[in-house]
file coords-v2.cif (mmCIF, C-alpha atoms)
data_model
loop_
_atom_site.label_atom_id
_atom_site.label_comp_id
_atom_site.auth_asym_id
_atom_site.auth_seq_id
_atom_site.Cartn_x
_atom_site.Cartn_y
_atom_site.Cartn_z
CA MET A 221 -34.42 42.06 204.74
CA THR A 222 -33.78 45.70 205.59
CA PHE A 223 -32.36 47.37 208.66
CA GLY A 224 -33.57 50.81 209.69
CA GLY A 225 -35.46 51.10 206.42
CA ARG A 226 -32.27 50.68 204.35
CA PRO A 227 -30.90 47.51 202.74
CA PRO A 228 -27.50 46.22 203.86
CA LEU A 229 -24.71 47.45 201.62
CA LEU A 230 -23.61 44.88 199.07
CA VAL A 231 -20.07 43.53 199.04
CA ARG A 232 -17.61 46.37 198.53
CA PRO A 233 -14.64 45.69 196.24
CA ILE A 234 -11.38 47.33 197.29
CA GLN A 235 -11.39 50.93 196.15
CA GLY A 236 -7.67 51.64 196.43
CA ARG A 237 -5.98 54.51 198.26
CA HIS A 238 -8.19 56.96 200.17
CA GLU A 239 -7.76 60.26 201.91
CA MET A 240 -5.46 59.95 204.90
CA THR A 241 -7.14 59.65 208.28
CA LYS A 242 -5.79 59.40 211.81
CA CYS A 243 -6.26 55.84 213.08
CA ALA A 244 -5.44 53.81 216.15
CA PHE A 245 -4.91 50.05 216.14
CA ILE A 246 -5.15 48.14 219.41
CA GLY A 247 -3.86 44.56 219.50
CA LEU A 248 -0.87 43.45 217.44
CA GLY A 249 -1.24 39.69 217.31
CA VAL A 250 -0.79 37.54 214.20
CA MET A 251 -3.78 39.30 212.63
CA GLY A 252 -3.55 42.82 214.04
CA TYR A 253 0.13 43.37 213.28
CA PRO A 254 -0.22 43.05 209.48
CA MET A 255 -3.68 44.68 209.44
CA ALA A 256 -2.26 47.78 211.12
CA SER A 257 0.61 47.77 208.63
CA HIS A 258 -1.80 47.86 205.69
CA LEU A 259 -3.50 50.92 207.17
CA GLN A 260 -0.14 52.67 207.47
CA LYS A 261 0.90 51.63 203.96
CA ALA A 262 -2.41 52.99 202.59
CA GLY A 263 -1.37 56.44 203.81
CA HIS A 264 -3.25 56.61 207.11
CA ASP A 265 -1.59 58.01 210.23
CA VAL A 266 -1.57 55.03 212.62
CA THR A 267 -0.83 54.86 216.35
CA VAL A 268 -0.71 51.39 217.88
CA PHE A 269 -1.08 49.85 221.31
CA ASN A 270 -0.23 46.33 222.41
CA ARG A 271 -0.15 44.92 225.92
CA THR A 272 3.44 43.87 225.26
CA ALA A 273 4.93 47.30 224.67
CA ALA A 274 7.98 45.91 222.85
CA LYS A 275 5.74 44.70 220.05
CA SER A 276 4.18 48.17 219.65
CA GLU A 277 7.64 49.70 219.48
CA LYS A 278 8.78 47.08 216.97
CA TRP A 279 5.77 47.80 214.76
CA ALA A 280 6.34 51.55 214.94
CA GLY A 281 9.99 51.13 214.02
CA GLU A 282 9.14 48.84 211.12
CA TYR A 283 6.32 50.85 209.58
CA GLY A 284 6.97 54.41 210.69
CA GLY A 285 3.85 54.80 212.79
CA LYS A 286 3.64 55.68 216.48
CA SER A 287 3.07 53.62 219.62
CA ALA A 288 1.19 54.61 222.77
CA PRO A 289 1.35 53.38 226.38
CA THR A 290 -2.42 52.84 226.80
CA PRO A 291 -5.43 52.25 224.53
CA ALA A 292 -6.82 55.65 225.58
CA GLU A 293 -3.61 57.40 224.54
CA ALA A 294 -3.57 55.56 221.22
CA ALA A 295 -7.18 56.57 220.55
CA LYS A 296 -6.68 60.30 221.25
CA GLY A 297 -7.59 62.32 218.18
CA ALA A 298 -8.21 59.24 216.04
CA GLU A 299 -11.14 59.26 213.67
CA PHE A 300 -11.11 55.46 213.54
CA VAL A 301 -10.00 53.10 216.29
CA PHE A 302 -9.46 49.46 215.30
CA VAL A 303 -9.33 46.67 217.87
CA CYS A 304 -8.20 43.08 217.33
CA VAL A 305 -7.65 41.09 220.52
CA GLY A 306 -8.34 37.60 221.84
CA ASN A 307 -11.79 37.34 223.40
CA ASP A 308 -14.64 39.16 225.15
CA ASP A 309 -12.68 39.84 228.34
CA ASP A 310 -9.65 41.11 226.41
CA LEU A 311 -11.96 43.35 224.41
CA ARG A 312 -13.52 44.89 227.51
CA SER A 313 -10.09 45.41 229.08
CA VAL A 314 -8.81 47.53 226.17
CA THR A 315 -12.01 49.47 225.45
CA LEU A 316 -13.59 50.23 228.84
CA GLY A 317 -12.33 51.99 231.96
CA GLU A 318 -10.04 54.99 232.49
CA THR A 319 -7.29 53.71 230.20
CA GLY A 320 -9.61 52.02 227.68
CA ALA A 321 -9.93 53.26 224.13
CA LEU A 322 -13.40 54.75 224.62
CA ALA A 323 -11.99 57.07 227.27
CA GLY A 324 -9.63 58.60 224.73
CA MET A 325 -11.98 58.79 221.75
CA THR A 326 -13.64 62.01 220.62
CA ARG A 327 -17.32 62.39 219.82
CA GLY A 328 -18.16 61.39 216.28
CA SER A 329 -15.27 58.94 215.90
CA VAL A 330 -15.75 55.25 215.05
CA MET A 331 -14.51 52.11 216.77
CA VAL A 332 -14.13 49.10 214.47
CA ASP A 333 -13.75 45.85 216.38
CA ASN A 334 -12.08 43.10 214.33
CA THR A 335 -11.99 40.66 217.26
CA THR A 336 -13.94 37.43 216.88
CA ALA A 337 -16.12 37.73 219.98
CA SER A 338 -19.70 37.21 221.13
CA ALA A 339 -22.66 39.11 219.75
CA ASP A 340 -23.47 40.06 223.34
CA VAL A 341 -20.22 41.95 223.90
CA ALA A 342 -20.68 43.67 220.54
CA ARG A 343 -24.07 44.99 221.64
CA GLU A 344 -22.64 45.94 225.05
CA LEU A 345 -19.86 48.00 223.48
CA TYR A 346 -22.20 49.51 220.90
CA ALA A 347 -24.27 50.88 223.81
CA ALA A 348 -21.19 52.02 225.76
CA ALA A 349 -19.85 53.81 222.69
CA LYS A 350 -23.18 55.47 222.00
CA ASP A 351 -23.22 56.83 225.57
CA VAL A 352 -20.05 58.84 224.82
CA GLY A 353 -21.03 59.88 221.30
CA VAL A 354 -18.93 57.28 219.49
CA SER A 355 -20.02 54.77 216.84
CA PHE A 356 -19.18 51.07 217.21
CA ILE A 357 -18.99 48.47 214.45
CA ASP A 358 -18.41 44.78 215.17
CA ALA A 359 -16.29 43.68 212.22
CA PRO A 360 -14.79 40.19 212.62
CA VAL A 361 -12.68 38.96 209.73
CA SER A 362 -12.14 35.76 207.78
CA GLY A 363 -9.09 34.79 205.78
CA GLY A 364 -6.61 33.84 208.46
CA GLN A 365 -3.04 34.99 208.94
CA ALA A 366 -2.30 34.81 205.21
CA GLY A 367 -5.33 36.95 204.44
CA ALA A 368 -4.19 39.54 206.97
CA GLU A 369 -0.64 39.58 205.64
CA ASN A 370 -1.82 39.92 202.04
CA GLY A 371 -4.55 42.47 202.84
CA VAL A 372 -7.36 40.33 201.44
CA LEU A 373 -9.59 39.65 204.45
CA THR A 374 -13.35 39.32 204.30
CA VAL A 375 -14.94 41.67 206.85
CA MET A 376 -18.44 41.05 208.25
CA CYS A 377 -19.91 44.12 209.94
CA GLY A 378 -22.72 44.93 212.34
CA GLY A 379 -23.80 48.43 213.28
CA ASP A 380 -25.28 51.61 211.85
CA GLN A 381 -25.22 52.32 208.13
CA GLU A 382 -23.77 55.83 208.51
CA ALA A 383 -20.82 54.62 210.59
CA PHE A 384 -20.22 51.73 208.21
CA ASP A 385 -20.23 54.03 205.19
CA ARG A 386 -17.53 56.16 206.82
CA ALA A 387 -15.41 53.23 207.97
CA ALA A 388 -15.58 50.96 204.92
CA PRO A 389 -13.14 52.93 202.74
CA VAL A 390 -10.57 52.74 205.55
CA ILE A 391 -11.23 49.03 206.17
CA ASP A 392 -10.53 48.50 202.46
CA ALA A 393 -6.80 48.83 203.27
CA PHE A 394 -6.75 45.22 204.52
CA ALA A 395 -9.93 43.79 202.96
CA ARG A 396 -10.92 41.92 199.84
CA SER A 397 -14.57 42.60 200.64
CA CYS A 398 -16.52 44.34 203.38
CA GLN A 399 -20.25 44.09 203.97
CA LEU A 400 -22.74 45.42 206.49
CA MET A 401 -24.81 42.47 207.68
CA GLY A 402 -27.28 44.36 209.86
CA LYS A 403 -27.60 45.87 213.30
CA SER A 404 -25.04 45.59 216.10
CA GLY A 405 -23.95 41.97 216.68
CA SER A 406 -24.74 40.87 213.12
CA GLY A 407 -21.08 40.81 212.13
CA GLN A 408 -20.25 38.46 214.98
CA LEU A 409 -23.24 36.24 214.19
CA THR A 410 -22.10 36.03 210.57
CA LYS A 411 -18.60 35.03 211.69
CA MET A 412 -20.20 32.25 213.76
CA VAL A 413 -21.88 30.91 210.62
CA ASN A 414 -18.47 31.03 208.92
CA GLN A 415 -16.79 29.00 211.66
CA ILE A 416 -19.64 26.46 211.84
CA CYS A 417 -19.27 25.83 208.11
CA ILE A 418 -15.48 25.54 208.33
CA ALA A 419 -15.65 23.00 211.16
CA GLY A 420 -17.74 20.58 209.11
CA LEU A 421 -15.66 21.11 205.98
CA VAL A 422 -12.35 20.40 207.71
CA GLN A 423 -13.66 17.23 209.33
CA GLY A 424 -15.06 15.98 206.03
CA LEU A 425 -11.79 16.75 204.25
CA SER A 426 -9.84 14.98 207.00
CA GLU A 427 -11.95 11.86 206.66
CA GLY A 428 -11.67 11.89 202.87
CA VAL A 429 -7.89 12.33 202.83
CA ASN A 430 -7.41 9.65 205.48
CA PHE A 431 -9.71 7.25 203.62
CA GLY A 432 -7.81 7.80 200.37
CA ARG A 433 -4.45 7.18 202.00
CA LYS A 434 -5.72 3.97 203.62
CA ALA A 435 -6.98 2.89 200.20
CA GLY A 436 -3.50 3.38 198.74
CA LEU A 437 -4.42 6.23 196.41
CA ASP A 438 -2.06 8.97 195.25
CA MET A 439 -3.75 11.75 197.20
CA GLY A 440 -2.01 14.51 195.27
CA LYS A 441 -3.73 13.27 192.13
CA VAL A 442 -7.01 12.66 193.95
CA LEU A 443 -7.14 16.19 195.34
CA ASP A 444 -6.21 17.67 191.99
CA VAL A 445 -9.16 15.90 190.34
CA ILE A 446 -11.86 16.31 192.97
CA SER A 447 -10.98 19.94 193.74
CA LYS A 448 -12.33 20.80 190.29
CA GLY A 449 -15.70 19.25 191.06
CA ALA A 450 -18.45 19.53 193.65
CA ALA A 451 -16.10 18.59 196.52
CA GLY A 452 -13.88 21.59 195.89
CA SER A 453 -13.47 24.20 198.63
CA TRP A 454 -11.02 26.77 199.98
CA GLN A 455 -10.01 24.24 202.63
CA MET A 456 -9.24 21.59 200.02
CA GLU A 457 -7.33 24.03 197.82
CA ASN A 458 -5.25 25.46 200.67
CA ARG A 459 -5.00 22.64 203.21
CA GLY A 460 -5.58 19.37 201.37
CA LYS A 461 -1.97 18.75 200.34
CA THR A 462 -0.54 19.96 203.64
CA MET A 463 -2.85 17.49 205.40
CA VAL A 464 -1.49 14.71 203.18
CA ASP A 465 2.00 15.76 204.31
CA ASP A 466 0.94 15.90 207.99
CA THR A 467 2.12 19.49 208.34
CA PHE A 468 -0.01 21.72 210.52
CA ASP A 469 1.79 25.05 210.88
CA PHE A 470 -0.27 27.20 208.53
CA GLY A 471 -1.89 29.88 210.64
CA PHE A 472 -5.25 29.58 212.37
CA ALA A 473 -4.58 27.59 215.54
CA VAL A 474 -6.69 24.93 217.22
CA ASP A 475 -6.86 27.02 220.41
CA TRP A 476 -8.44 29.88 218.47
CA MET A 477 -10.88 27.59 216.68
CA ARG A 478 -12.03 26.11 219.99
CA LYS A 479 -12.61 29.62 221.31
CA ASP A 480 -14.68 30.45 218.24
CA LEU A 481 -16.67 27.22 218.32
CA GLY A 482 -17.38 27.81 222.02
CA ILE A 483 -18.94 31.16 221.08
CA CYS A 484 -21.03 29.43 218.41
CA LEU A 485 -22.25 26.75 220.80
CA GLU A 486 -23.15 29.31 223.48
CA GLU A 487 -25.12 31.38 220.97
CA SER A 488 -26.94 28.26 219.75
CA LYS A 489 -28.25 27.69 223.28
CA ARG A 490 -29.89 31.09 223.09
CA ASN A 491 -31.33 30.90 219.59
CA GLY A 492 -32.28 27.21 219.62
CA ALA A 493 -30.17 26.20 216.61
CA ARG A 494 -28.99 22.58 216.64
CA LEU A 495 -25.26 22.19 216.01
CA PRO A 496 -24.55 18.45 216.33
CA VAL A 497 -21.61 18.36 213.90
CA THR A 498 -20.09 21.54 215.34
CA ALA A 499 -20.30 20.13 218.87
CA LEU A 500 -18.66 16.89 217.74
CA VAL A 501 -15.85 18.65 215.88
CA ASP A 502 -15.26 20.88 218.90
CA GLN A 503 -14.62 17.73 220.95
CA PHE A 504 -12.27 16.42 218.28
CA TYR A 505 -10.30 19.66 218.57
CA ALA A 506 -10.22 19.14 222.34
CA GLN A 507 -8.52 15.79 221.65
CA VAL A 508 -5.98 17.51 219.40
CA GLN A 509 -5.22 19.87 222.28
CA GLU A 510 -4.76 16.91 224.63
CA ARG A 511 -2.02 15.56 222.40
CA GLY A 512 -0.21 18.91 222.40
CA GLY A 513 -1.61 20.35 219.18
CA ASN A 514 -2.85 23.63 220.63
CA ARG A 515 -0.91 25.69 218.07
CA TRP A 516 -1.34 23.33 215.15
CA ASP A 517 -3.61 24.72 212.49
CA THR A 518 -7.22 23.57 212.19
CA SER A 519 -6.46 20.96 209.51
CA SER A 520 -4.79 18.88 212.24
CA LEU A 521 -8.10 17.07 212.75
CA ILE A 522 -6.66 14.46 210.37
CA ASP A 523 -4.05 13.56 213.00
CA LEU A 524 -6.78 11.96 215.11
CA LEU A 525 -7.71 9.71 212.20
CA ALA A 526 -4.19 8.96 211.02
CA ARG A 527 -2.74 8.15 214.44
CA GLY A 528 -5.90 7.12 216.26
#
call {"tool": "encode", "arguments": {"input": "coords-v2.cif", "output": "C-alpha cells"}}
result
Amino acid sequence: MTFGGRPPLLVRPIQGRHEMTKCAFIGLGVMGYPMASHLQKAGHDVTVFNRTAAKSEKWAGEYGGKSAPTPAEAAKGAEFVFVCVGNDDDLRSVTLGETGALAGMTRGSVMVDNTTASADVARELYAAAKDVGVSFIDAPVSGGQAGAENGVLTVMCGGDQEAFDRAAPVIDAFARSCQLMGKSGSGQLTKMVNQICIAGLVQGLSEGVNFGRKAGLDMGKVLDVISKGAAGSWQMENRGKTMVDDTFDFGFAVDWMRKDLGICLEESKRNGARLPVTALVDQFYAQVQERGGNRWDTSSLIDLLARG
C-alpha cells in the first residue's frame, strides 16, 4: 500500500547524534520525563512544560534544559514540539487555545504527539495544525516506562512523509525504531493493534502460569523451557517470572491499559471489527481496578485467577 504515491518508510534504526535543534516537550509523566531527557542528552535544546510546574522545574534542574509556564511559551521558536499527555481531552487542553502549543508554534515547525489517543483527535489536530502552517504527526509509542527510560521505544507514526522525514532523526533520541504507517491517524490505529494483541497475550500468559502453579510445576523451569519455543513472547520474557512472584509494580498501569482498550473498543464500533477477547479482557481489568489494582501493572490479570 502507498500513501500519496510514496511507500511508507521502513523501520528506521537509531542513527546516533544529530544536529542540535530547538525542541519543546509538553507532559512530563512516567513516559515524557525520560523521553525529554533523551532529547536533551542527544544535544537538542529542550524547553519543557508540565501542568505541575514543580516537575518542569525539577526536570530543568536535573538535565539543564529550560521550563516554561504555558505550552505556548514552551513552543515558542521550537522546530519540534513533542507532546505526551494522558488522553484526548488532555491533548486538546495543551495544544489548542490561547495558551496551547499551536498558539506558540511558528510556521513550518512540527508537532509530534506521543500520547496514546484516538485516531479522531489525531486527525482533528492535524487539521488544526495545518490551518496555522504547522505539521502534525501522531506518534504513539510502545515499550513502556522501561523503554522510555532506556531510550528504546517503538514509535508508530501517522502524517505526511515530508514532516516525518524531518522529525524521525530527532525522534531517534528515544527510539529503537520509528516508522511512518500512513496518513494522519495511522499511528494511533497501529497502537490500537498493539494493545489488542497485548491484551490477549497477557490473559493467555496469566492462565498458563496459574494452571502450572495449580498443577504443582516449578514455573521458573517451565517458563525457561517454553519461552524458547512457540509460546515465547516479550510478555513471557519480561513478566512471566514476576507474575509467578505475584509482583505487579513494573510500569504500565491497569488504569492506562483500560484507557487504551476503551479507545480500541470505540474504534471497533466504527470500523466493524469484532474484538470479543479484547472486550472480555477489558472487563477483567475492570475487576482488577475494583480490588484496588489501578496502579498495578497489566500482568496483574493473574491475580483474578490466583485469588478468584
call {"tool": "atom_distance", "arguments": {"input": "coords-v2.cif", "atom1": "atom CA of A:Phe356", "atom2": "atom CA of A:Leu495"}}
result
29.5 Å
call {"tool": "atom_distance", "arguments": {"input": "coords-v2.cif", "atom1": "atom CA of A:Gly512", "atom2": "atom CA of A:Pro360"}}
result
27.6 Å
call {"tool": "resolve_selection", "arguments": {"input": "coords-v2.cif", "expression": "the PyMOL selection byres ((chain A and resi 469) around 9)", "output": "mmCIF file with C-alpha atoms, in the coordinates of the input"}}
result
data_model
loop_
_atom_site.group_PDB
_atom_site.id
_atom_site.type_symbol
_atom_site.label_atom_id
_atom_site.label_comp_id
_atom_site.auth_asym_id
_atom_site.auth_seq_id
_atom_site.Cartn_x
_atom_site.Cartn_y
_atom_site.Cartn_z
ATOM 1 C CA THR A 467 2.120 19.490 208.340
ATOM 2 C CA PHE A 468 -0.010 21.720 210.520
ATOM 3 C CA PHE A 470 -0.270 27.200 208.530
ATOM 4 C CA GLY A 471 -1.890 29.880 210.640
ATOM 5 C CA PHE A 472 -5.250 29.580 212.370
ATOM 6 C CA ALA A 473 -4.580 27.590 215.540
ATOM 7 C CA ARG A 515 -0.910 25.690 218.070
ATOM 8 C CA TRP A 516 -1.340 23.330 215.150
ATOM 9 C CA ASP A 517 -3.610 24.720 212.490
#
call {"tool": "residues_near_point", "arguments": {"input": "coords-v2.cif", "point": "(-21.3, 40.7, 214.2)", "cutoff": "9 Å", "atoms": "all atoms listed in the file", "output": "list of chain:residue names"}}
result
A:Thr336, A:Ala337, A:Ser338, A:Ala339, A:Ala342, A:Ile357, A:Asp358, A:Ala359, A:Pro360, A:Met376, A:Cys377, A:Gly378, A:Gly379, A:Met401, A:Gly402, A:Lys403, A:Ser404, A:Gly405, A:Ser406, A:Gly407, A:Gln408, A:Leu409, A:Thr410, A:Lys411, A:Met412
call {"tool": "atom_distance", "arguments": {"input": "coords-v2.cif", "atom1": "atom CA of A:Gly482", "atom2": "atom CA of A:Asn414"}}
result
13.5 Å
call {"tool": "resolve_selection", "arguments": {"input": "coords-v2.cif", "expression": "the PyMOL selection byres ((chain A and resi 433-449) around 12)", "output": "ChimeraX atom specification"}}
result
/A:425-432,450-466,522,525-527
call {"tool": "residues_around", "arguments": {"input": "coords-v2.cif", "residues": "A:Ala288", "least_positions_apart": "6", "cutoff": "8 Å", "atoms": "all atoms listed in the file", "output": "PDB file with C-alpha atoms, keeping the file's coordinate frame"}}
result
ATOM      1  CA  THR A 267      -0.830  54.860 216.350  1.00  0.00           C
ATOM      2  CA  VAL A 268      -0.710  51.390 217.880  1.00  0.00           C
ATOM      3  CA  PHE A 269      -1.080  49.850 221.310  1.00  0.00           C
ATOM      4  CA  SER A 276       4.180  48.170 219.650  1.00  0.00           C
ATOM      5  CA  ALA A 294      -3.570  55.560 221.220  1.00  0.00           C
TER       6      ALA A 294
END
call {"tool": "resolve_selection", "arguments": {"input": "coords-v2.cif", "expression": "the PyMOL selection byres ((chain A and resi 502) around 9)", "output": "number ranges by chain"}}
result
A: 419, 477-478, 481-482, 497-501, 503-507
call {"tool": "closest_residue", "arguments": {"input": "coords-v2.cif", "among": "A:Ala349, A:Val303, A:Leu322, A:Ala262", "to": "A:Asp392", "atoms": "only C-alpha atoms"}}
result
A:Ala262
call {"tool": "residues_around", "arguments": {"input": "coords-v2.cif", "residues": "A:Thr290", "least_positions_apart": "5", "cutoff": "12 Å", "atoms": "all atoms listed in the file", "output": "JSON, numbers by chain"}}
result
{"A": [244, 245, 246, 247, 267, 268, 269, 270, 271, 272, 273, 276, 295, 296, 313, 314, 315, 316, 317, 318, 319, 320, 321, 322, 323, 324]}
call {"tool": "closest_residue", "arguments": {"input": "coords-v2.cif", "among": "A:Gln415, A:Gln423, A:Gln365, A:Ser329", "to": "A:Phe384", "atoms": "all atoms listed in the file"}}
result
A:Ser329
call {"tool": "residues_around", "arguments": {"input": "coords-v2.cif", "residues": "A:Val422", "least_positions_apart": "6", "cutoff": "8 Å", "atoms": "all atoms listed in the file", "output": "PyMOL selection string"}}
result
chain A and resi 455+518-519+521
call {"tool": "closest_residue", "arguments": {"input": "coords-v2.cif", "among": "A:Ser362, A:Glu486, A:Asp475, A:Met325", "to": "A:Ser520", "atoms": "all atoms listed in the file"}}
result
A:Asp475
call {"tool": "decode", "arguments": {"input": "coords-v2.cif", "residues": "stretch 440-452 of chain A", "atoms": "N, CA, C and O atoms", "output": "PDB file, in the first residue's frame"}}
result
ATOM      1  N   GLY A 440       9.363 -21.481  37.252  1.00  0.00           N
ATOM      2  CA  GLY A 440      10.598 -20.904  36.742  1.00  0.00           C
ATOM      3  C   GLY A 440      11.172 -21.776  35.640  1.00  0.00           C
ATOM      4  O   GLY A 440      11.564 -21.281  34.570  1.00  0.00           O
ATOM      5  N   LYS A 441      11.205 -23.081  35.885  1.00  0.00           N
ATOM      6  CA  LYS A 441      11.700 -24.015  34.879  1.00  0.00           C
ATOM      7  C   LYS A 441      10.770 -24.067  33.665  1.00  0.00           C
ATOM      8  O   LYS A 441      11.222 -24.124  32.515  1.00  0.00           O
ATOM      9  N   VAL A 442       9.470 -24.063  33.931  1.00  0.00           N
ATOM     10  CA  VAL A 442       8.501 -24.132  32.834  1.00  0.00           C
ATOM     11  C   VAL A 442       8.673 -22.942  31.890  1.00  0.00           C
ATOM     12  O   VAL A 442       8.755 -23.099  30.667  1.00  0.00           O
ATOM     13  N   LEU A 443       8.739 -21.748  32.459  1.00  0.00           N
ATOM     14  CA  LEU A 443       8.877 -20.549  31.635  1.00  0.00           C
ATOM     15  C   LEU A 443      10.196 -20.544  30.879  1.00  0.00           C
ATOM     16  O   LEU A 443      10.265 -20.116  29.724  1.00  0.00           O
ATOM     17  N   ASP A 444      11.248 -21.025  31.527  1.00  0.00           N
ATOM     18  CA  ASP A 444      12.543 -21.074  30.861  1.00  0.00           C
ATOM     19  C   ASP A 444      12.493 -21.969  29.625  1.00  0.00           C
ATOM     20  O   ASP A 444      13.077 -21.639  28.584  1.00  0.00           O
ATOM     21  N   VAL A 445      11.782 -23.076  29.721  1.00  0.00           N
ATOM     22  CA  VAL A 445      11.679 -24.007  28.588  1.00  0.00           C
ATOM     23  C   VAL A 445      10.766 -23.471  27.502  1.00  0.00           C
ATOM     24  O   VAL A 445      11.143 -23.388  26.331  1.00  0.00           O
ATOM     25  N   ILE A 446       9.541 -23.080  27.881  1.00  0.00           N
ATOM     26  CA  ILE A 446       8.562 -22.736  26.837  1.00  0.00           C
ATOM     27  C   ILE A 446       8.837 -21.375  26.201  1.00  0.00           C
ATOM     28  O   ILE A 446       8.388 -21.103  25.090  1.00  0.00           O
ATOM     29  N   SER A 447       9.613 -20.524  26.891  1.00  0.00           N
ATOM     30  CA  SER A 447       9.935 -19.217  26.297  1.00  0.00           C
ATOM     31  C   SER A 447      10.840 -19.362  25.077  1.00  0.00           C
ATOM     32  O   SER A 447      10.948 -18.437  24.267  1.00  0.00           O
ATOM     33  N   LYS A 448      11.466 -20.513  24.939  1.00  0.00           N
ATOM     34  CA  LYS A 448      12.346 -20.753  23.793  1.00  0.00           C
ATOM     35  C   LYS A 448      11.612 -21.388  22.623  1.00  0.00           C
ATOM     36  O   LYS A 448      12.201 -21.668  21.575  1.00  0.00           O
ATOM     37  N   GLY A 449      10.315 -21.632  22.814  1.00  0.00           N
ATOM     38  CA  GLY A 449       9.519 -22.240  21.757  1.00  0.00           C
ATOM     39  C   GLY A 449       8.441 -21.301  21.243  1.00  0.00           C
ATOM     40  O   GLY A 449       8.541 -20.078  21.381  1.00  0.00           O
ATOM     41  N   ALA A 450       7.395 -21.885  20.672  1.00  0.00           N
ATOM     42  CA  ALA A 450       6.348 -21.097  20.014  1.00  0.00           C
ATOM     43  C   ALA A 450       5.547 -20.231  20.980  1.00  0.00           C
ATOM     44  O   ALA A 450       4.908 -19.269  20.556  1.00  0.00           O
ATOM     45  N   ALA A 451       5.571 -20.557  22.264  1.00  0.00           N
ATOM     46  CA  ALA A 451       4.824 -19.759  23.250  1.00  0.00           C
ATOM     47  C   ALA A 451       5.573 -18.505  23.678  1.00  0.00           C
ATOM     48  O   ALA A 451       5.018 -17.658  24.376  1.00  0.00           O
ATOM     49  N   GLY A 452       6.819 -18.396  23.284  1.00  0.00           N
ATOM     50  CA  GLY A 452       7.634 -17.271  23.726  1.00  0.00           C
ATOM     51  C   GLY A 452       7.094 -15.930  23.273  1.00  0.00           C
ATOM     52  O   GLY A 452       6.516 -15.808  22.196  1.00  0.00           O
TER      53      GLY A 452
END
